[in-house]
file target_17.cif (mmCIF, C-alpha atoms and all ligand atoms)
data_start
#
loop_
_atom_site.group_PDB
_atom_site.id
_atom_site.type_symbol
_atom_site.label_atom_id
_atom_site.label_comp_id
_atom_site.auth_asym_id
_atom_site.auth_seq_id
_atom_site.Cartn_x
_atom_site.Cartn_y
_atom_site.Cartn_z
ATOM 1 C CA MET A 1 0.000 0.000 0.000
ATOM 2 C CA VAL A 2 2.655 2.482 1.132
ATOM 3 C CA ASN A 3 4.761 1.137 -1.677
ATOM 4 C CA LYS A 4 2.179 2.105 -4.285
ATOM 5 C CA MET A 5 1.603 5.503 -2.699
ATOM 6 C CA ILE A 6 5.286 6.422 -2.774
ATOM 7 C CA GLU A 7 5.631 5.273 -6.368
ATOM 8 C CA THR A 8 2.560 7.246 -7.451
ATOM 9 C CA ASN A 9 3.753 10.367 -5.661
ATOM 10 C CA ILE A 10 7.151 10.190 -7.327
ATOM 11 C CA ASN A 11 5.726 9.598 -10.768
ATOM 12 C CA ASN A 12 3.411 12.572 -10.382
ATOM 13 C CA ILE A 13 6.299 14.855 -9.446
ATOM 14 C CA LEU A 14 8.564 13.501 -12.194
ATOM 15 C CA LEU A 15 5.816 14.216 -14.695
ATOM 16 C CA GLU A 16 5.863 17.862 -13.636
ATOM 17 C CA LEU A 17 9.642 17.950 -14.090
ATOM 18 C CA LYS A 18 9.462 16.725 -17.678
ATOM 19 C CA ASN A 19 10.926 19.265 -20.115
ATOM 20 C CA THR A 20 12.472 21.272 -17.273
ATOM 21 C CA ASN A 21 16.055 21.418 -15.995
ATOM 22 C CA THR A 22 14.881 20.653 -12.486
ATOM 23 C CA LYS A 23 15.949 17.549 -10.578
ATOM 24 C CA LEU A 24 14.201 15.951 -7.643
ATOM 25 C CA ILE A 25 15.851 15.412 -4.274
ATOM 26 C CA ALA A 26 13.848 13.082 -2.045
ATOM 27 C CA VAL A 27 14.131 14.431 1.482
ATOM 28 C CA SER A 28 14.454 11.268 3.549
ATOM 29 C CA LYS A 29 14.897 12.673 7.060
ATOM 30 C CA THR A 30 13.037 10.577 9.682
ATOM 31 C CA GLN A 31 12.192 7.954 7.021
ATOM 32 C CA SER A 32 12.990 4.270 7.406
ATOM 33 C CA ILE A 33 15.592 2.463 5.324
ATOM 34 C CA GLU A 34 12.751 0.414 3.878
ATOM 35 C CA ASN A 35 10.863 3.467 2.602
ATOM 36 C CA ILE A 36 14.003 5.100 1.262
ATOM 37 C CA GLN A 37 14.754 1.884 -0.606
ATOM 38 C CA LYS A 38 11.298 2.093 -2.199
ATOM 39 C CA VAL A 39 12.030 5.576 -3.469
ATOM 40 C CA TYR A 40 15.366 4.395 -4.801
ATOM 41 C CA ASN A 41 13.641 1.491 -6.536
ATOM 42 C CA ALA A 42 11.363 4.018 -8.238
ATOM 43 C CA GLY A 43 14.482 5.482 -9.880
ATOM 44 C CA ILE A 44 15.517 8.295 -7.533
ATOM 45 C CA LYS A 45 19.231 8.619 -6.763
ATOM 46 C CA ASP A 46 19.324 11.971 -4.955
ATOM 47 C CA PHE A 47 18.425 12.030 -1.269
ATOM 48 C CA GLY A 48 18.521 14.865 1.225
ATOM 49 C CA GLU A 49 19.143 14.649 4.963
ATOM 50 C CA ASN A 50 19.371 17.423 7.521
ATOM 51 C CA LYS A 51 21.203 15.721 10.397
ATOM 52 C CA VAL A 52 24.741 14.350 10.286
ATOM 53 C CA GLN A 53 24.149 11.440 12.677
ATOM 54 C CA GLU A 54 21.075 10.291 10.806
ATOM 55 C CA LEU A 55 22.799 10.606 7.452
ATOM 56 C CA LEU A 56 25.776 8.547 8.636
ATOM 57 C CA SER A 57 23.507 5.844 10.051
ATOM 58 C CA LYS A 58 21.796 5.452 6.679
ATOM 59 C CA ILE A 59 24.638 5.623 4.152
ATOM 60 C CA ASP A 60 25.991 2.118 4.750
ATOM 61 C CA LYS A 61 22.577 0.498 4.653
ATOM 62 C CA LEU A 62 21.622 1.834 1.234
ATOM 63 C CA PRO A 63 22.960 1.527 -2.337
ATOM 64 C CA LYS A 64 26.373 3.041 -3.000
ATOM 65 C CA ASP A 65 25.294 5.063 -6.011
ATOM 66 C CA ILE A 66 22.989 7.307 -3.990
ATOM 67 C CA ARG A 67 23.993 10.980 -4.078
ATOM 68 C CA TRP A 68 23.554 12.284 -0.547
ATOM 69 C CA HIS A 69 22.727 15.956 -0.111
ATOM 70 C CA MET A 70 23.297 17.676 3.223
ATOM 71 C CA ILE A 71 20.430 20.153 3.410
ATOM 72 C CA GLY A 72 20.310 21.067 7.112
ATOM 73 C CA HIS A 73 22.331 23.412 9.303
ATOM 74 C CA LEU A 74 25.794 21.901 9.678
ATOM 75 C CA GLN A 75 27.764 22.302 12.898
ATOM 76 C CA THR A 76 31.463 22.881 12.383
ATOM 77 C CA ASN A 77 32.451 20.003 14.684
ATOM 78 C CA LYS A 78 30.624 17.524 12.412
ATOM 79 C CA VAL A 79 32.104 18.717 9.133
ATOM 80 C CA LYS A 80 34.917 16.164 9.081
ATOM 81 C CA ASP A 81 32.457 13.274 9.433
ATOM 82 C CA ILE A 82 30.612 13.947 6.198
ATOM 83 C CA ILE A 83 32.578 16.042 3.716
ATOM 84 C CA ASP A 84 33.888 13.027 1.837
ATOM 85 C CA LYS A 85 30.539 11.227 1.938
ATOM 86 C CA VAL A 86 28.108 13.786 0.554
ATOM 87 C CA TYR A 87 27.629 14.876 -3.034
ATOM 88 C CA LEU A 88 26.658 18.454 -2.225
ATOM 89 C CA ILE A 89 26.332 20.560 0.909
ATOM 90 C CA HIS A 90 23.366 22.913 0.388
ATOM 91 C CA SER A 91 23.621 24.704 3.679
ATOM 92 C CA VAL A 92 26.797 26.750 3.919
ATOM 93 C CA ASP A 93 25.409 29.578 6.011
ATOM 94 C CA SER A 94 28.475 31.259 7.545
ATOM 95 C CA ILE A 95 32.087 32.129 6.839
ATOM 96 C CA LYS A 96 33.060 30.099 9.884
ATOM 97 C CA LEU A 97 31.490 26.973 8.371
ATOM 98 C CA ALA A 98 33.101 27.614 4.978
ATOM 99 C CA ASN A 99 36.509 27.945 6.644
ATOM 100 C CA LYS A 100 36.014 24.696 8.516
ATOM 101 C CA ILE A 101 34.922 22.808 5.389
ATOM 102 C CA ASN A 102 37.955 24.152 3.555
ATOM 103 C CA LYS A 103 40.309 23.150 6.346
ATOM 104 C CA GLU A 104 38.974 19.605 6.679
ATOM 105 C CA ALA A 105 38.824 19.180 2.897
ATOM 106 C CA LYS A 106 42.474 20.179 2.671
ATOM 107 C CA LYS A 107 43.415 17.458 5.168
ATOM 108 C CA LYS A 108 41.594 14.876 3.064
ATOM 109 C CA ASN A 109 42.938 16.356 -0.165
ATOM 110 C CA ILE A 110 39.485 16.780 -1.685
ATOM 111 C CA LYS A 111 37.359 19.609 -3.047
ATOM 112 C CA VAL A 112 33.893 19.989 -1.589
ATOM 113 C CA ASN A 113 30.966 21.268 -3.634
ATOM 114 C CA VAL A 114 28.649 23.590 -1.767
ATOM 115 C CA LEU A 115 25.730 25.943 -2.120
ATOM 116 C CA LEU A 116 25.416 29.132 -0.131
ATOM 117 C CA GLU A 117 22.236 29.201 1.893
ATOM 118 C CA ILE A 118 20.489 32.528 1.430
ATOM 119 C CA ASN A 119 18.126 33.969 4.009
ATOM 120 C CA ILE A 120 16.176 35.473 1.165
ATOM 121 C CA ALA A 121 13.379 36.985 3.248
ATOM 122 C CA ASN A 122 15.764 38.249 5.959
ATOM 123 C CA GLU A 123 13.970 36.231 8.611
ATOM 124 C CA PRO A 124 15.577 36.559 12.065
ATOM 125 C CA SER A 125 14.860 32.900 12.895
ATOM 126 C CA LYS A 126 16.566 31.490 9.802
ATOM 127 C CA TYR A 127 20.100 30.535 8.943
ATOM 128 C CA GLY A 128 21.778 31.833 5.815
ATOM 129 C CA PHE A 129 23.469 34.857 4.351
ATOM 130 C CA LYS A 130 21.365 37.977 4.198
ATOM 131 C CA ASN A 131 21.131 39.890 0.950
ATOM 132 C CA ASN A 132 23.692 42.483 1.981
ATOM 133 C CA GLU A 133 26.218 39.792 3.015
ATOM 134 C CA ILE A 134 26.221 37.740 -0.167
ATOM 135 C CA GLU A 135 28.802 39.601 -2.208
ATOM 136 C CA ASP A 136 31.474 39.643 0.504
ATOM 137 C CA ALA A 137 30.785 36.012 1.377
ATOM 138 C CA ILE A 138 31.286 34.926 -2.245
ATOM 139 C CA ASP A 139 34.436 37.006 -2.646
ATOM 140 C CA TYR A 140 35.930 35.404 0.431
ATOM 141 C CA ILE A 141 34.811 31.791 -0.094
ATOM 142 C CA LYS A 142 35.992 31.873 -3.721
ATOM 143 C CA SER A 143 39.499 32.444 -2.369
ATOM 144 C CA LEU A 144 39.440 29.116 -0.506
ATOM 145 C CA ASP A 145 41.176 26.301 -2.405
ATOM 146 C CA ASN A 146 39.235 23.252 -1.277
ATOM 147 C CA ILE A 147 35.669 24.451 -1.527
ATOM 148 C CA ASN A 148 33.684 25.095 -4.722
ATOM 149 C CA ILE A 149 30.593 27.269 -4.769
ATOM 150 C CA LYS A 150 28.064 25.766 -7.176
ATOM 151 C CA GLY A 151 25.097 27.980 -6.466
ATOM 152 C CA PHE A 152 22.462 28.959 -3.955
ATOM 153 C CA MET A 153 19.845 27.419 -1.732
ATOM 154 C CA CYS A 154 16.966 28.879 0.225
ATOM 155 C CA ILE A 155 14.194 27.809 2.520
ATOM 156 C CA ALA A 156 11.427 30.254 1.696
ATOM 157 C CA PRO A 157 8.988 31.489 4.328
ATOM 158 C CA LYS A 158 6.000 29.305 5.157
ATOM 159 C CA ASN A 159 2.535 30.652 4.400
ATOM 160 C CA GLU A 160 3.662 33.287 1.970
ATOM 161 C CA ASN A 161 3.525 33.553 -1.757
ATOM 162 C CA ASN A 162 7.175 32.933 -2.417
ATOM 163 C CA GLN A 163 7.304 33.841 -6.066
ATOM 164 C CA THR A 164 9.057 37.141 -5.381
ATOM 165 C CA TYR A 165 11.711 35.419 -3.266
ATOM 166 C CA PHE A 166 12.242 32.687 -5.832
ATOM 167 C CA LYS A 167 12.611 35.324 -8.541
ATOM 168 C CA GLN A 168 15.287 37.049 -6.456
ATOM 169 C CA MET A 169 17.083 33.727 -6.021
ATOM 170 C CA ASN A 170 17.052 33.111 -9.754
ATOM 171 C CA HIS A 171 18.396 36.610 -10.286
ATOM 172 C CA LEU A 172 21.285 35.898 -7.901
ATOM 173 C CA LYS A 173 22.133 32.686 -9.741
ATOM 174 C CA LYS A 174 22.318 34.598 -13.026
ATOM 175 C CA GLN A 175 24.183 37.532 -11.534
ATOM 176 C CA TYR A 176 26.960 35.302 -10.186
ATOM 177 C CA ASN A 177 26.745 32.852 -13.053
ATOM 178 C CA TYR A 178 26.261 29.653 -11.048
ATOM 179 C CA ASP A 179 24.617 26.414 -12.169
ATOM 180 C CA ILE A 180 22.584 25.320 -9.195
ATOM 181 C CA LEU A 181 19.512 26.734 -7.531
ATOM 182 C CA SER A 182 18.081 24.589 -4.734
ATOM 183 C CA MET A 183 14.626 25.843 -3.841
ATOM 184 C CA GLY A 184 11.100 24.546 -3.530
ATOM 185 C CA MET A 185 9.655 22.133 -0.988
ATOM 186 C CA SER A 186 6.363 20.226 -0.851
ATOM 187 C CA ASN A 187 4.260 23.320 -0.277
ATOM 188 C CA ASP A 188 5.905 25.656 -2.795
ATOM 189 C CA TYR A 189 7.771 23.631 -5.409
ATOM 190 C CA LYS A 190 5.331 24.464 -8.189
ATOM 191 C CA ILE A 191 6.203 28.143 -7.798
ATOM 192 C CA ALA A 192 9.906 27.280 -7.592
ATOM 193 C CA LEU A 193 9.610 25.432 -10.910
ATOM 194 C CA LYS A 194 8.281 28.564 -12.563
ATOM 195 C CA GLU A 195 11.333 30.432 -11.343
ATOM 196 C CA LYS A 196 13.745 27.819 -12.711
ATOM 197 C CA SER A 197 14.800 25.971 -9.626
ATOM 198 C CA THR A 198 17.359 23.280 -10.550
ATOM 199 C CA TYR A 199 16.745 21.124 -7.450
ATOM 200 C CA ILE A 200 13.480 20.818 -5.604
ATOM 201 C CA ARG A 201 13.692 19.176 -2.167
ATOM 202 C CA ILE A 202 10.585 17.138 -1.468
ATOM 203 C CA GLY A 203 9.756 15.129 1.645
ATOM 204 C CA THR A 204 6.077 15.169 2.561
ATOM 205 C CA LYS A 205 4.770 14.962 -1.018
ATOM 206 C CA ILE A 206 6.707 11.738 -1.499
ATOM 207 C CA PHE A 207 6.565 9.953 1.846
ATOM 208 C CA GLY A 208 3.457 11.495 3.415
ATOM 209 C CA PRO A 209 3.415 13.546 6.643
ATOM 210 C CA ARG A 210 6.381 13.057 8.997
HETATM 211 C C1 LIG B 1 12.498 18.884 5.543
HETATM 212 C C2 LIG B 1 13.121 19.704 4.521
HETATM 213 C C3 LIG B 1 12.628 19.738 3.202
HETATM 214 C C4 LIG B 1 11.408 18.967 2.746
HETATM 215 O O1 LIG B 1 10.253 19.472 3.328
HETATM 216 P P1 LIG B 1 8.797 18.954 2.876
HETATM 217 O O2 LIG B 1 7.904 20.076 3.240
HETATM 218 O O3 LIG B 1 8.524 17.719 3.679
HETATM 219 O O4 LIG B 1 8.822 18.685 1.439
HETATM 220 C C5 LIG B 1 13.303 20.520 2.285
HETATM 221 N N1 LIG B 1 14.392 21.245 2.620
HETATM 222 C C6 LIG B 1 14.883 21.245 3.867
HETATM 223 C C7 LIG B 1 16.091 22.052 4.165
HETATM 224 C C8 LIG B 1 14.269 20.484 4.860
HETATM 225 O O5 LIG B 1 14.775 20.499 6.100
#
call {"tool": "encode", "arguments": {"input": "target_17.cif", "output": "structure tokens"}}
result
Amino acid sequence: MVNKMIETNINNILLELKNTNTKLIAVSKTQSIENIQKVYNAGIKDFGENKVQELLSKIDKLPKDIRWHMIGHLQTNKVKDIIDKVYLIHSVDSIKLANKINKEAKKKNIKVNVLLEINIANEPSKYGFKNNEIEDAIDYIKSLDNINIKGFMCIAPKNENNQTYFKQMNHLKKQYNYDILSMGMSNDYKIALKEKSTYIRIGTKIFGPR
């Protein structure tokens, strides 16, 4: 039953992504290995987690070709545990975190691909660079050898029409000439698609309520 539901949900979303440049990340936080495996079996290879411990506990139990996306706030003391295990870190939200990623990546002799999280609505409760901090942050992080900025991510406000914010995000991507724009969740991904999101991050619409 659940099996069928998950498959139907995914197929419905994939249908909406046809003829777009948008890819689906299945947000698998709090979900069982069994349910994640069902999503994988439906053809999805990109999964998003927001907690380091949970991510680490899942990686070894699931297929090796999964691309794991770190989408939650990342504490500096956990950076070393995941930088060589994730495909993309969406949530670089401070210079301190960027420095730490760079330092640990240097030790492992790797380059880490990241997105800068943007607090696009300047919400006091949210992580991310504010609009007036973006330029300096990019200038500085670009100077770090072991970290690559690939684009931007945002978590738009709940209960608002986010089209304006998504437009601003798309403008930033063009302005700085990056490839990736990670925006749109279950409640607002349709609007994000209109504004050319390249990754939507969907949990509830795939797995049901958490
Ligand atoms: C949980 C989460 C999502 C998915 O949220 P849904 O509303 O369940 O689709 C997307 N992005 C981030 C950063 C999240 O923490």
call {"tool": "closest_residue", "arguments": {"input": "target_17.cif", "among": "A:Val114, A:Ile202, A:Ile66, A:Ile13", "to": "ligand LIG 1 (chain B)", "atoms": "all atoms listed in the file"}}
result
A:Ile202
call {"tool": "residues_near_ligand", "arguments": {"input": "target_17.cif", "ligand": "ligand LIG 1 (chain B)", "cutoff": "9 Å", "atoms": "all atoms listed in the file", "output": "JSON, numbers by chain"}}
result
{"A": [25, 26, 27, 28, 29, 48, 49, 50, 70, 71, 72, 73, 90, 91, 153, 154, 155, 182, 183, 184, 185, 186, 187, 188, 189, 200, 201, 202, 203, 204, 205, 206, 207, 208, 209, 210]}
call {"tool": "atom_distance", "arguments": {"input": "target_17.cif", "atom1": "atom CA of A:Lys58", "atom2": "atom CA of A:Ile149"}}
result
26.2 Å
call {"tool": "atom_distance", "arguments": {"input": "target_17.cif", "atom1": "atom CA of A:Ala98", "atom2": "atom CA of A:Glu117"}}
result
11.4 Å
call {"tool": "closest_residue", "arguments": {"input": "target_17.cif", "among": "A:Ile6, A:Asn122, A:Thr164, A:Asn21", "to": "A:Lys196", "atoms": "only C-alpha atoms"}}
result
A:Asn21
call {"tool": "atom_distance", "arguments": {"input": "target_17.cif", "atom1": "atom CA of A:Asn119", "atom2": "atom CA of A:Thr198"}}
result
18.1 Å
call {"tool": "axis_aligned_box", "arguments": {"input": "target_17.cif", "around": "stretch 52-65 of chain A", "padding_each_side": "4 Å", "output": "lines of an AutoDock Vina configuration file"}}
result
center_x = 23.7
center_y = 7.4
center_z = 3.3
size_x = 13.3
size_y = 21.9
size_z = 26.7
call {"tool": "closest_residue", "arguments": {"input": "target_17.cif", "among": "A:Lys103, A:Lys64, A:Lys173, A:Lys130", "to": "A:Leu144", "atoms": "all atoms listed in the file"}}
result
A:Lys103
